[in-house]
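protein_31.pdb (PDB, C-alpha atoms, pLDDT in the B column) appears below.
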ATOM      1  CA  MET A  29     -13.847  11.210  -6.517  1.00 89.00           C
ATOM      2  CA  THR A  30     -10.308   9.876  -6.086  1.00 98.00           C
ATOM      3  CA  THR A  31      -9.362   7.034  -8.417  1.00 98.00           C
ATOM      4  CA  THR A  32      -6.668   4.632  -7.233  1.00 98.00           C
ATOM      5  CA  PHE A  33      -4.877   1.819  -9.035  1.00 98.00           C
ATOM      6  CA  ILE A  34      -3.159  -0.824  -6.876  1.00 98.00           C
ATOM      7  CA  THR A  35      -0.881  -3.590  -8.125  1.00 98.00           C
ATOM      8  CA  GLY A  36      -0.864  -6.939  -6.355  1.00 97.00           C
ATOM      9  CA  ALA A  37      -4.232  -6.109  -4.844  1.00 97.00           C
ATOM     10  CA  ASN A  38      -5.789  -9.573  -4.801  1.00 96.00           C
ATOM     11  CA  LYS A  39      -4.462 -10.564  -1.360  1.00 92.00           C
ATOM     12  CA  SER A  40      -2.710  -9.528   1.848  1.00 91.00           C
ATOM     13  CA  LEU A  41      -1.578  -5.901   2.089  1.00 94.00           C
ATOM     14  CA  GLY A  42      -2.787  -4.981  -1.384  1.00 96.00           C
ATOM     15  CA  LEU A  43      -6.269  -6.303  -0.729  1.00 97.00           C
ATOM     16  CA  GLU A  44      -6.484  -4.628   2.678  1.00 96.00           C
ATOM     17  CA  THR A  45      -5.281  -1.350   1.214  1.00 97.00           C
ATOM     18  CA  ALA A  46      -7.919  -1.599  -1.495  1.00 98.00           C
ATOM     19  CA  ARG A  47     -10.611  -2.338   1.083  1.00 97.00           C
ATOM     20  CA  ARG A  48      -9.637   0.631   3.228  1.00 97.00           C
ATOM     21  CA  LEU A  49      -9.500   3.014   0.290  1.00 98.00           C
ATOM     22  CA  VAL A  50     -12.901   1.876  -0.978  1.00 98.00           C
ATOM     23  CA  GLU A  51     -14.226   2.626   2.507  1.00 97.00           C
ATOM     24  CA  ALA A  52     -12.566   6.049   2.303  1.00 97.00           C
ATOM     25  CA  GLY A  53     -14.514   6.782  -0.866  1.00 97.00           C
ATOM     26  CA  HIS A  54     -11.902   6.032  -3.519  1.00 98.00           C
ATOM     27  CA  THR A  55     -12.791   4.445  -6.815  1.00 98.00           C
ATOM     28  CA  VAL A  56     -10.359   1.534  -6.654  1.00 98.00           C
ATOM     29  CA  VAL A  57      -9.039  -0.497  -9.552  1.00 98.00           C
ATOM     30  CA  VAL A  58      -7.648  -3.822  -8.374  1.00 98.00           C
ATOM     31  CA  GLY A  59      -4.597  -4.858 -10.363  1.00 98.00           C
ATOM     32  CA  ALA A  60      -3.441  -8.472 -10.142  1.00 98.00           C
ATOM     33  CA  ARG A  61      -1.694 -11.085 -12.270  1.00 97.00           C
ATOM     34  CA  ASP A  62      -4.074 -13.907 -11.290  1.00 97.00           C
ATOM     35  CA  ALA A  63      -7.325 -13.115 -13.075  1.00 97.00           C
ATOM     36  CA  GLU A  64      -9.517 -15.439 -11.020  1.00 97.00           C
ATOM     37  CA  ARG A  65      -8.295 -14.121  -7.677  1.00 97.00           C
ATOM     38  CA  GLY A  66      -8.263 -10.568  -8.931  1.00 98.00           C
ATOM     39  CA  ARG A  67     -11.876 -10.695 -10.067  1.00 98.00           C
ATOM     40  CA  ALA A  68     -12.947 -12.295  -6.797  1.00 98.00           C
ATOM     41  CA  ALA A  69     -11.113  -9.656  -4.779  1.00 97.00           C
ATOM     42  CA  ALA A  70     -12.606  -6.801  -6.796  1.00 98.00           C
ATOM     43  CA  ALA A  71     -16.115  -8.245  -6.516  1.00 97.00           C
ATOM     44  CA  SER A  72     -15.773  -8.568  -2.747  1.00 97.00           C
ATOM     45  CA  LEU A  73     -14.831  -4.878  -2.485  1.00 97.00           C
ATOM     46  CA  GLY A  74     -17.110  -3.289  -5.037  1.00 96.00           C
ATOM     47  CA  ALA A  75     -14.059  -2.413  -7.128  1.00 98.00           C
ATOM     48  CA  ARG A  76     -13.043  -3.071 -10.727  1.00 98.00           C
ATOM     49  CA  PHE A  77     -10.409  -5.617 -11.751  1.00 98.00           C
ATOM     50  CA  VAL A  78      -7.700  -5.135 -14.356  1.00 98.00           C
ATOM     51  CA  ARG A  79      -5.185  -7.857 -15.061  1.00 98.00           C
ATOM     52  CA  ILE A  80      -1.563  -6.756 -14.830  1.00 98.00           C
ATOM     53  CA  ASP A  81       1.713  -8.653 -14.740  1.00 98.00           C
ATOM     54  CA  VAL A  82       4.301  -6.106 -13.619  1.00 98.00           C
ATOM     55  CA  THR A  83       7.094  -8.118 -15.273  1.00 98.00           C
ATOM     56  CA  ASP A  84       5.544  -7.907 -18.739  1.00 98.00           C
ATOM     57  CA  ASP A  85       5.657  -4.725 -20.820  1.00 98.00           C
ATOM     58  CA  ALA A  86       2.645  -5.646 -22.944  1.00 98.00           C
ATOM     59  CA  SER A  87       0.554  -6.541 -19.889  1.00 98.00           C
ATOM     60  CA  VAL A  88       1.376  -3.270 -18.141  1.00 98.00           C
ATOM     61  CA  GLU A  89       0.689  -1.209 -21.244  1.00 98.00           C
ATOM     62  CA  ALA A  90      -2.621  -3.029 -21.742  1.00 98.00           C
ATOM     63  CA  ALA A  91      -3.588  -2.360 -18.129  1.00 98.00           C
ATOM     64  CA  ALA A  92      -2.855   1.348 -18.502  1.00 98.00           C
ATOM     65  CA  ALA A  93      -4.877   1.442 -21.729  1.00 98.00           C
ATOM     66  CA  ASP A  94      -7.775  -0.330 -19.978  1.00 98.00           C
ATOM     67  CA  VAL A  95      -7.785   2.218 -17.157  1.00 98.00           C
ATOM     68  CA  ALA A  96      -7.520   5.072 -19.653  1.00 98.00           C
ATOM     69  CA  ALA A  97     -10.570   3.726 -21.494  1.00 98.00           C
ATOM     70  CA  HIS A  98     -12.688   3.168 -18.369  1.00 98.00           C
ATOM     71  CA  GLU A  99     -11.584   5.657 -15.691  1.00 98.00           C
ATOM     72  CA  GLY A 100      -9.802   8.152 -17.939  1.00 98.00           C
ATOM     73  CA  ALA A 101      -7.270   9.088 -15.261  1.00 98.00           C
ATOM     74  CA  ILE A 102      -5.979   8.071 -11.859  1.00 98.00           C
ATOM     75  CA  ASP A 103      -5.135  10.141  -8.819  1.00 98.00           C
ATOM     76  CA  VAL A 104      -3.178   7.534  -6.866  1.00 98.00           C
ATOM     77  CA  LEU A 105      -0.867   4.735  -7.963  1.00 98.00           C
ATOM     78  CA  VAL A 106       0.112   2.152  -5.348  1.00 98.00           C
ATOM     79  CA  ASN A 107       3.048   0.006  -6.468  1.00 98.00           C
ATOM     80  CA  ASN A 108       2.410  -2.884  -4.106  1.00 97.00           C
ATOM     81  CA  ALA A 109       3.205  -6.020  -6.130  1.00 97.00           C
ATOM     82  CA  GLY A 110       6.282  -7.763  -4.787  1.00 96.00           C
ATOM     83  CA  VAL A 111       7.992 -11.081  -4.189  1.00 96.00           C
ATOM     84  CA  LEU A 112      10.215 -12.355  -1.401  1.00 93.00           C
ATOM     85  CA  GLY A 113      12.451 -14.380  -3.681  1.00 94.00           C
ATOM     86  CA  ARG A 114      14.728 -17.214  -2.746  1.00 91.00           C
ATOM     87  CA  VAL A 115      15.559 -17.649   0.936  1.00 91.00           C
ATOM     88  CA  GLY A 116      18.358 -19.890   2.151  1.00 88.00           C
ATOM     89  CA  PRO A 117      22.134 -20.211   2.276  1.00 90.00           C
ATOM     90  CA  VAL A 118      23.796 -17.360   0.407  1.00 90.00           C
ATOM     91  CA  GLU A 119      25.943 -19.880  -1.456  1.00 93.00           C
ATOM     92  CA  GLU A 120      22.824 -21.038  -3.273  1.00 93.00           C
ATOM     93  CA  TYR A 121      21.784 -17.638  -4.619  1.00 94.00           C
ATOM     94  CA  THR A 122      22.270 -17.238  -8.348  1.00 97.00           C
ATOM     95  CA  ALA A 123      22.184 -14.269 -10.680  1.00 97.00           C
ATOM     96  CA  ALA A 124      18.879 -15.610 -12.007  1.00 98.00           C
ATOM     97  CA  ASP A 125      17.434 -15.564  -8.483  1.00 97.00           C
ATOM     98  CA  MET A 126      18.427 -11.925  -8.082  1.00 97.00           C
ATOM     99  CA  SER A 127      17.123 -10.972 -11.512  1.00 98.00           C
ATOM    100  CA  ALA A 128      13.728 -12.520 -10.767  1.00 98.00           C
ATOM    101  CA  VAL A 129      13.326 -10.484  -7.583  1.00 98.00           C
ATOM    102  CA  LEU A 130      14.507  -7.247  -9.157  1.00 98.00           C
ATOM    103  CA  ASP A 131      12.197  -7.703 -12.133  1.00 98.00           C
ATOM    104  CA  VAL A 132       9.129  -7.669  -9.895  1.00 98.00           C
ATOM    105  CA  ASN A 133      10.169  -5.446  -7.008  1.00 98.00           C
ATOM    106  CA  VAL A 134      12.212  -2.797  -8.797  1.00 98.00           C
ATOM    107  CA  VAL A 135      11.875  -2.971 -12.580  1.00 98.00           C
ATOM    108  CA  GLY A 136       8.155  -3.594 -12.064  1.00 98.00           C
ATOM    109  CA  VAL A 137       7.836  -0.302 -10.202  1.00 98.00           C
ATOM    110  CA  VAL A 138       9.570   1.527 -13.044  1.00 98.00           C
ATOM    111  CA  ARG A 139       7.534  -0.289 -15.695  1.00 98.00           C
ATOM    112  CA  VAL A 140       4.176   0.443 -14.048  1.00 98.00           C
ATOM    113  CA  THR A 141       5.031   4.018 -13.098  1.00 98.00           C
ATOM    114  CA  HIS A 142       6.161   4.788 -16.646  1.00 98.00           C
ATOM    115  CA  ALA A 143       2.934   3.419 -18.125  1.00 98.00           C
ATOM    116  CA  PHE A 144       0.638   5.186 -15.665  1.00 98.00           C
ATOM    117  CA  LEU A 145       2.339   8.603 -15.542  1.00 98.00           C
ATOM    118  CA  PRO A 146       0.156  10.021 -18.347  1.00 98.00           C
ATOM    119  CA  LEU A 147      -2.944   9.009 -16.367  1.00 98.00           C
ATOM    120  CA  LEU A 148      -1.553  10.483 -13.152  1.00 98.00           C
ATOM    121  CA  ARG A 149      -0.776  13.754 -14.904  1.00 98.00           C
ATOM    122  CA  LYS A 150      -4.480  14.189 -15.620  1.00 98.00           C
ATOM    123  CA  SER A 151      -5.060  14.474 -11.856  1.00 98.00           C
ATOM    124  CA  SER A 152      -4.932  17.768 -10.010  1.00 97.00           C
ATOM    125  CA  HIS A 153      -3.264  16.002  -7.084  1.00 97.00           C
ATOM    126  CA  PRO A 154      -1.317  12.929  -8.258  1.00 98.00           C
ATOM    127  CA  VAL A 155       0.188  10.576  -5.689  1.00 98.00           C
ATOM    128  CA  ILE A 156       2.505   7.576  -6.001  1.00 98.00           C
ATOM    129  CA  VAL A 157       3.021   5.155  -3.122  1.00 98.00           C
ATOM    130  CA  ASN A 158       5.779   2.564  -3.425  1.00 98.00           C
ATOM    131  CA  VAL A 159       5.544  -0.276  -0.942  1.00 97.00           C
ATOM    132  CA  SER A 160       9.063  -0.776   0.358  1.00 97.00           C
ATOM    133  CA  SER A 161      10.336  -2.416   3.554  1.00 94.00           C
ATOM    134  CA  GLY A 162      12.449  -1.727   6.605  1.00 91.00           C
ATOM    135  CA  MET A 163      14.555  -4.616   5.318  1.00 89.00           C
ATOM    136  CA  GLY A 164      15.786  -2.202   2.678  1.00 90.00           C
ATOM    137  CA  SER A 165      16.948   0.370   5.231  1.00 88.00           C
ATOM    138  CA  PHE A 166      20.657   0.512   6.032  1.00 86.00           C
ATOM    139  CA  GLY A 167      19.878   2.172   9.358  1.00 87.00           C
ATOM    140  CA  MET A 168      17.252  -0.321  10.475  1.00 84.00           C
ATOM    141  CA  THR A 169      19.022  -3.499   9.370  1.00 88.00           C
ATOM    142  CA  GLN A 170      22.140  -2.399  11.287  1.00 87.00           C
ATOM    143  CA  ASP A 171      20.297  -1.371  14.466  1.00 82.00           C
ATOM    144  CA  PRO A 172      20.365  -4.226  17.018  1.00 90.00           C
ATOM    145  CA  ASP A 173      17.218  -2.832  18.622  1.00 89.00           C
ATOM    146  CA  ARG A 174      15.250  -3.283  15.394  1.00 87.00           C
ATOM    147  CA  ILE A 175      13.724  -6.575  14.316  1.00 83.00           C
ATOM    148  CA  GLU A 176      15.037  -5.978  10.797  1.00 77.00           C
ATOM    149  CA  SER A 177      18.588  -6.585  12.059  1.00 79.00           C
ATOM    150  CA  ARG A 178      17.711 -10.177  13.001  1.00 87.00           C
ATOM    151  CA  TYR A 179      17.114 -11.382   9.459  1.00 82.00           C
ATOM    152  CA  ALA A 180      19.330 -12.015   6.446  1.00 81.00           C
ATOM    153  CA  LEU A 181      17.363 -11.670   3.221  1.00 91.00           C
ATOM    154  CA  PRO A 182      19.947 -10.414   0.707  1.00 92.00           C
ATOM    155  CA  LEU A 183      17.813 -10.562  -2.426  1.00 96.00           C
ATOM    156  CA  TYR A 184      14.663  -9.044  -0.962  1.00 94.00           C
ATOM    157  CA  ALA A 185      16.510  -6.449   1.127  1.00 94.00           C
ATOM    158  CA  ALA A 186      18.596  -5.261  -1.807  1.00 96.00           C
ATOM    159  CA  SER A 187      15.498  -4.901  -3.956  1.00 97.00           C
ATOM    160  CA  LYS A 188      13.671  -2.864  -1.330  1.00 96.00           C
ATOM    161  CA  ALA A 189      16.690  -0.612  -0.810  1.00 96.00           C
ATOM    162  CA  ALA A 190      16.449   0.080  -4.537  1.00 97.00           C
ATOM    163  CA  VAL A 191      12.711   0.807  -4.262  1.00 97.00           C
ATOM    164  CA  THR A 192      13.326   3.364  -1.539  1.00 96.00           C
ATOM    165  CA  MET A 193      16.082   5.080  -3.538  1.00 97.00           C
ATOM    166  CA  LEU A 194      13.867   5.084  -6.622  1.00 97.00           C
ATOM    167  CA  THR A 195      11.226   6.811  -4.541  1.00 98.00           C
ATOM    168  CA  THR A 196      13.518   9.636  -3.432  1.00 97.00           C
ATOM    169  CA  GLN A 197      14.789  10.161  -6.971  1.00 98.00           C
ATOM    170  CA  TYR A 198      11.323  10.082  -8.539  1.00 98.00           C
ATOM    171  CA  ALA A 199      10.134  12.560  -5.913  1.00 98.00           C
ATOM    172  CA  ARG A 200      12.925  14.904  -6.973  1.00 98.00           C
ATOM    173  CA  GLU A 201      12.138  14.551 -10.673  1.00 98.00           C
ATOM    174  CA  LEU A 202       8.334  14.489 -10.475  1.00 98.00           C
ATOM    175  CA  GLU A 203       7.791  17.853  -8.865  1.00 96.00           C
ATOM    176  CA  ASP A 204       4.119  17.830  -9.834  1.00 96.00           C
ATOM    177  CA  MET A 205       3.435  14.714  -7.762  1.00 98.00           C
ATOM    178  CA  LYS A 206       3.797  13.337  -4.255  1.00 98.00           C
ATOM    179  CA  VAL A 207       6.003  10.243  -4.316  1.00 98.00           C
ATOM    180  CA  ASN A 208       6.625   8.332  -1.087  1.00 98.00           C
ATOM    181  CA  ALA A 209       7.630   4.892   0.166  1.00 98.00           C
ATOM    182  CA  ALA A 210       5.708   2.930   2.793  1.00 97.00           C
ATOM    183  CA  ASP A 211       7.085   0.316   5.172  1.00 95.00           C
ATOM    184  CA  PRO A 212       4.263  -1.964   6.332  1.00 92.00           C
ATOM    185  CA  GLY A 213       6.542  -3.517   8.992  1.00 82.00           C
ATOM    186  CA  GLN A 214       6.634  -7.184   9.877  1.00 75.00           C
ATOM    187  CA  THR A 215       3.130  -8.250   8.948  1.00 64.00           C
ATOM    188  CA  ALA A 216       1.451 -11.644   9.130  1.00 51.00           C
ATOM    189  CA  THR A 217       1.394 -12.539   5.435  1.00 65.00           C
ATOM    190  CA  ASP A 218       2.689 -15.420   3.344  1.00 62.00           C
ATOM    191  CA  PHE A 219       6.027 -13.548   3.208  1.00 61.00           C
ATOM    192  CA  THR A 220       6.502 -13.972   6.952  1.00 56.00           C
ATOM    193  CA  GLY A 221       4.792 -17.305   7.410  1.00 58.00           C
ATOM    194  CA  GLY A 222       2.017 -15.580   9.334  1.00 57.00           C
ATOM    195  CA  VAL A 223       4.379 -13.920  11.840  1.00 57.00           C
ATOM    196  CA  GLY A 224       3.899 -10.275  12.765  1.00 54.00           C
ATOM    197  CA  GLN A 225       1.249  -7.637  13.202  1.00 59.00           C
ATOM    198  CA  SER A 226      -2.135  -7.799  11.535  1.00 86.00           C
ATOM    199  CA  VAL A 227      -2.577  -7.006   7.860  1.00 81.00           C
ATOM    200  CA  ALA A 228      -4.824  -4.125   8.912  1.00 90.00           C
ATOM    201  CA  GLU A 229      -1.947  -2.630  10.897  1.00 91.00           C
ATOM    202  CA  GLY A 230       0.502  -3.268   8.092  1.00 90.00           C
ATOM    203  CA  ALA A 231      -1.668  -1.428   5.588  1.00 94.00           C
ATOM    204  CA  GLU A 232      -1.883   1.722   7.700  1.00 95.00           C
ATOM    205  CA  SER A 233       1.226   3.405   6.301  1.00 96.00           C
ATOM    206  CA  ILE A 234       0.190   2.631   2.715  1.00 97.00           C
ATOM    207  CA  VAL A 235      -3.314   4.001   3.261  1.00 98.00           C
ATOM    208  CA  ALA A 236      -1.967   7.097   5.006  1.00 97.00           C
ATOM    209  CA  LEU A 237       0.309   7.930   2.080  1.00 98.00           C
ATOM    210  CA  ALA A 238      -2.412   7.168  -0.463  1.00 98.00           C
ATOM    211  CA  THR A 239      -4.706   9.715   1.192  1.00 98.00           C
ATOM    212  CA  ILE A 240      -2.327  12.644   1.724  1.00 97.00           C
ATOM    213  CA  GLY A 241      -3.475  16.097   0.721  1.00 94.00           C
ATOM    214  CA  PRO A 242      -1.826  18.603  -1.628  1.00 95.00           C
ATOM    215  CA  ASP A 243       0.394  19.796   1.225  1.00 95.00           C
ATOM    216  CA  GLY A 244       1.491  16.275   2.158  1.00 96.00           C
ATOM    217  CA  PRO A 245       5.083  15.029   2.144  1.00 97.00           C
ATOM    218  CA  THR A 246       7.087  13.797  -0.807  1.00 98.00           C
ATOM    219  CA  GLY A 247      10.292  11.794  -0.957  1.00 97.00           C
ATOM    220  CA  GLN A 248       9.634  10.269   2.456  1.00 97.00           C
ATOM    221  CA  PHE A 249      10.007   6.732   3.818  1.00 96.00           C
ATOM    222  CA  VAL A 250       7.445   6.082   6.548  1.00 95.00           C
ATOM    223  CA  ASP A 251       5.776   3.403   8.610  1.00 92.00           C
ATOM    224  CA  ARG A 252       2.669   3.676  10.769  1.00 87.00           C
ATOM    225  CA  SER A 253       4.688   5.484  13.468  1.00 86.00           C
ATOM    226  CA  GLY A 254       6.464   8.081  11.364  1.00 90.00           C
ATOM    227  CA  THR A 255       9.522   8.769   9.241  1.00 92.00           C
ATOM    228  CA  LEU A 256      12.164   6.054   8.994  1.00 89.00           C
ATOM    229  CA  PRO A 257      15.964   6.130   8.604  1.00 83.00           C
ATOM    230  CA  TRP A 258      17.443   5.380   5.211  1.00 83.00           C
TER     231      TRP A 258
END

Show the structure stored in the file as structure tokens.
Amino acid sequence: MTTTFITGANKSLGLETARRLVEAGHTVVVGARDAERGRAAAASLGARFVRIDVTDDASVEAAAADVAAHEGAIDVLVNNAGVLGRVGPVEEYTAADMSAVLDVNVVGVVRVTHAFLPLLRKSSHPVIVNVSSGMGSFGMTQDPDRIESRYALPLYAASKAAVTMLTTQYARELEDMKVNAADPGQTATDFTGGVGQSVAEGAESIVALATIGPDGPTGQFVDRSGTLPW
């Protein structure tokens, strides 16, 4: 039985990913900051809920300890929790705005990965999936044929570029694991105001990476169609 822990799994892409992995036979642990929504989401899926705030060291450590006590180990970690951050005229962005986005989207990935590595190392086939974005790709945001080039989201894009680089570097260091980044694409969530493809379509790349076999890729950045440019 494959055990998977997903952050930000109480709604949107995280919830859909959890649903699909439960259907695939995974034992899924739903991680979420909002306890009420997290419990409701887990109950609807037949999963277990663990509260986790990826910006808080004590919360993350407590979540890892909870999983260690109940599941004993995990095979897959999906770092899905993320925020869009402030959107508007660049003149209004402050250092505090940037710090808030980085704390969730980047530092949160490091914080959670660090806490859950001992549990992953108990698996014979450990996998980490970091949910990134095409908005963090230099190639895609500069390609006029790509939708990513039509938006200016400095805070979010910079954070996702960092997530993708973290992924490649972790993949190099963690030779005993598969570490990849998924781009859901423009998906109809609260981030996009409901514009884009379905959440089911957006979750496909995350689910695909969460279910790779021992011979699967590592250090890759992919969407539902294949490998993406950096």

message: Please list as an MDAnalysis selection string every residue within 12 Å of A:Ala231, counting only C-alpha atoms and excluding residues in the same chain fewer than 2 positions away.
response: chainID A and resid 37 39:49 106 108 157 159:160 210:217 225:229 233:238 250:252

message: One decimal, in Å: what's the spacing between atom CA of A:Val111 and atom CA of A:Ala52?
response: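 These atoms are spaced 27.5 Å apart.
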
- prompt: Restricting the calculation to all atoms listed in the file, which member of A:Met205, A:Val135, A:Ala143, A:Ala180 is positioned closest to A:Ala90?
  reply: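 Ranking A:Met205, A:Val135, A:Ala143, A:Ala180 by distance to A:Ala90, first place goes to A:Ala143.
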
Quick check on the file I pasted: which residues fall under the PyMOL selection byres ((chain A and resi 31) around 10)? Write them as a JSON list (two decimals) with C-alpha atoms, in the frame of the given file.
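In the end it all went to selection-v4.json:
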[["chain", "number", "residue", "atom", "x", "y", "z"],
["A", 29, "MET", "CA", -13.85, 11.21, -6.52],
["A", 30, "THR", "CA", -10.31, 9.88, -6.09],
["A", 32, "THR", "CA", -6.67, 4.63, -7.23],
["A", 33, "PHE", "CA", -4.88, 1.82, -9.04],
["A", 49, "LEU", "CA", -9.50, 3.01, 0.29],
["A", 50, "VAL", "CA", -12.90, 1.88, -0.98],
["A", 53, "GLY", "CA", -14.51, 6.78, -0.87],
["A", 54, "HIS", "CA", -11.90, 6.03, -3.52],
["A", 55, "THR", "CA", -12.79, 4.44, -6.82],
["A", 56, "VAL", "CA", -10.36, 1.53, -6.65],
["A", 57, "VAL", "CA", -9.04, -0.50, -9.55],
["A", 99, "GLU", "CA", -11.58, 5.66, -15.69],
["A", 100, "GLY", "CA", -9.80, 8.15, -17.94],
["A", 101, "ALA", "CA", -7.27, 9.09, -15.26],
["A", 102, "ILE", "CA", -5.98, 8.07, -11.86],
["A", 103, "ASP", "CA", -5.14, 10.14, -8.82],
["A", 104, "VAL", "CA", -3.18, 7.53, -6.87],
["A", 105, "LEU", "CA", -0.87, 4.74, -7.96],
["A", 148, "LEU", "CA", -1.55, 10.48, -13.15],
["A", 151, "SER", "CA", -5.06, 14.47, -11.86],
["A", 154, "PRO", "CA", -1.32, 12.93, -8.26]]

message: Going by the chain IDs and residue numbers used in this file, which residues fall under the PyMOL selection byres ((chain A and resi 87) around 12)? Write them as JSON, numbers by chain.
response: {"A": [59, 60, 61, 78, 79, 80, 81, 82, 83, 84, 85, 86, 88, 89, 90, 91, 92, 93, 94, 136, 139, 140, 143]}

- prompt: When distances are computed from only C-alpha atoms, which of A:Val191, A:Ala199, A:Leu73, A:Val115 shows the smallest separation from A:Asn133?
  reply: A:Val191

- prompt: Any idea what's packed within 6 Å of A:Ala69, counting only C-alpha atoms, ignoring anything in its chain fewer than 3 positions away? Could you give it as a PyMOL selection string?
  reply: chain A and resi 38+66+72

Draw an axis-aligned box over all listed atoms of stretch 57-73 of chain A, pad each side with 6 Å, and write its centre and edge lengths in Å, one decimal, as JSON.
{"center_x": -8.9, "center_y": -8.0, "center_z": -7.8, "size_x": 26.4, "size_y": 26.9, "size_z": 22.6}

task: Tell me, in Å to one decimal, how far atom CA of A:Tyr198 is from atom CA of A:His142.
output: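 So the answer is 11.0 Å.
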
- prompt: Closest to A:Met126 among A:Ala185, A:Val155, A:Ile240, A:Ala70, using all atoms listed in the file?
  reply: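 The shortest atom-to-atom distance to A:Met126 comes from A:Ala185.
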
Can you give me, as a PDB file with C-alpha atoms, in the coordinates of the input, the residues this file yields under the PyMOL selection byres ((chain A and resi 129) around 12)?
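Result file selection.pdb:
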ATOM      1  CA  VAL A  82       4.301  -6.106 -13.619  1.00 98.00           C
ATOM      2  CA  THR A  83       7.094  -8.118 -15.273  1.00 98.00           C
ATOM      3  CA  ALA A 109       3.205  -6.020  -6.130  1.00 97.00           C
ATOM      4  CA  GLY A 110       6.282  -7.763  -4.787  1.00 96.00           C
ATOM      5  CA  VAL A 111       7.992 -11.081  -4.189  1.00 96.00           C
ATOM      6  CA  LEU A 112      10.215 -12.355  -1.401  1.00 93.00           C
ATOM      7  CA  GLY A 113      12.451 -14.380  -3.681  1.00 94.00           C
ATOM      8  CA  ARG A 114      14.728 -17.214  -2.746  1.00 91.00           C
ATOM      9  CA  VAL A 115      15.559 -17.649   0.936  1.00 91.00           C
ATOM     10  CA  TYR A 121      21.784 -17.638  -4.619  1.00 94.00           C
ATOM     11  CA  THR A 122      22.270 -17.238  -8.348  1.00 97.00           C
ATOM     12  CA  ALA A 123      22.184 -14.269 -10.680  1.00 97.00           C
ATOM     13  CA  ALA A 124      18.879 -15.610 -12.007  1.00 98.00           C
ATOM     14  CA  ASP A 125      17.434 -15.564  -8.483  1.00 97.00           C
ATOM     15  CA  MET A 126      18.427 -11.925  -8.082  1.00 97.00           C
ATOM     16  CA  SER A 127      17.123 -10.972 -11.512  1.00 98.00           C
ATOM     17  CA  ALA A 128      13.728 -12.520 -10.767  1.00 98.00           C
ATOM     18  CA  LEU A 130      14.507  -7.247  -9.157  1.00 98.00           C
ATOM     19  CA  ASP A 131      12.197  -7.703 -12.133  1.00 98.00           C
ATOM     20  CA  VAL A 132       9.129  -7.669  -9.895  1.00 98.00           C
ATOM     21  CA  ASN A 133      10.169  -5.446  -7.008  1.00 98.00           C
ATOM     22  CA  VAL A 134      12.212  -2.797  -8.797  1.00 98.00           C
ATOM     23  CA  VAL A 135      11.875  -2.971 -12.580  1.00 98.00           C
ATOM     24  CA  GLY A 136       8.155  -3.594 -12.064  1.00 98.00           C
ATOM     25  CA  VAL A 137       7.836  -0.302 -10.202  1.00 98.00           C
ATOM     26  CA  LEU A 181      17.363 -11.670   3.221  1.00 91.00           C
ATOM     27  CA  PRO A 182      19.947 -10.414   0.707  1.00 92.00           C
ATOM     28  CA  LEU A 183      17.813 -10.562  -2.426  1.00 96.00           C
ATOM     29  CA  TYR A 184      14.663  -9.044  -0.962  1.00 94.00           C
ATOM     30  CA  ALA A 185      16.510  -6.449   1.127  1.00 94.00           C
ATOM     31  CA  ALA A 186      18.596  -5.261  -1.807  1.00 96.00           C
ATOM     32  CA  SER A 187      15.498  -4.901  -3.956  1.00 97.00           C
ATOM     33  CA  LYS A 188      13.671  -2.864  -1.330  1.00 96.00           C
ATOM     34  CA  ALA A 190      16.449   0.080  -4.537  1.00 97.00           C
ATOM     35  CA  VAL A 191      12.711   0.807  -4.262  1.00 97.00           C
TER      36      VAL A 191
END

Atom-to-atom span, atom CA of A:Val138 and atom CA of A:Pro245, Å: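 Taking atom CA of A:Val138 and atom CA of A:Pro245, their separation equals 20.8 Å.
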
query: Counting only C-alpha atoms, which of A:Ala63, A:Ala68, A:Val58, A:Val207 gets nearest to A:Ile156?
result: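 Nearest candidate to A:Ile156 out of A:Ala63, A:Ala68, A:Val58, A:Val207: A:Val207.
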
query: From the set A:Thr255, A:Gln170, A:Asn158, A:Asn107, which residue has the shortest atom-to-atom contact distance to A:Asn208, counting only C-alpha atoms?
result: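 With only C-alpha atoms as the atom set, the closest residue is A:Asn158.
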
- prompt: Hey, which of A:Leu194, A:Ala189, A:Ala96, A:Ile34 ends up closest to A:Pro257? Count all atoms listed in the file.
  reply: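 Ranked by minimum distance to A:Pro257, first place goes to A:Ala189.
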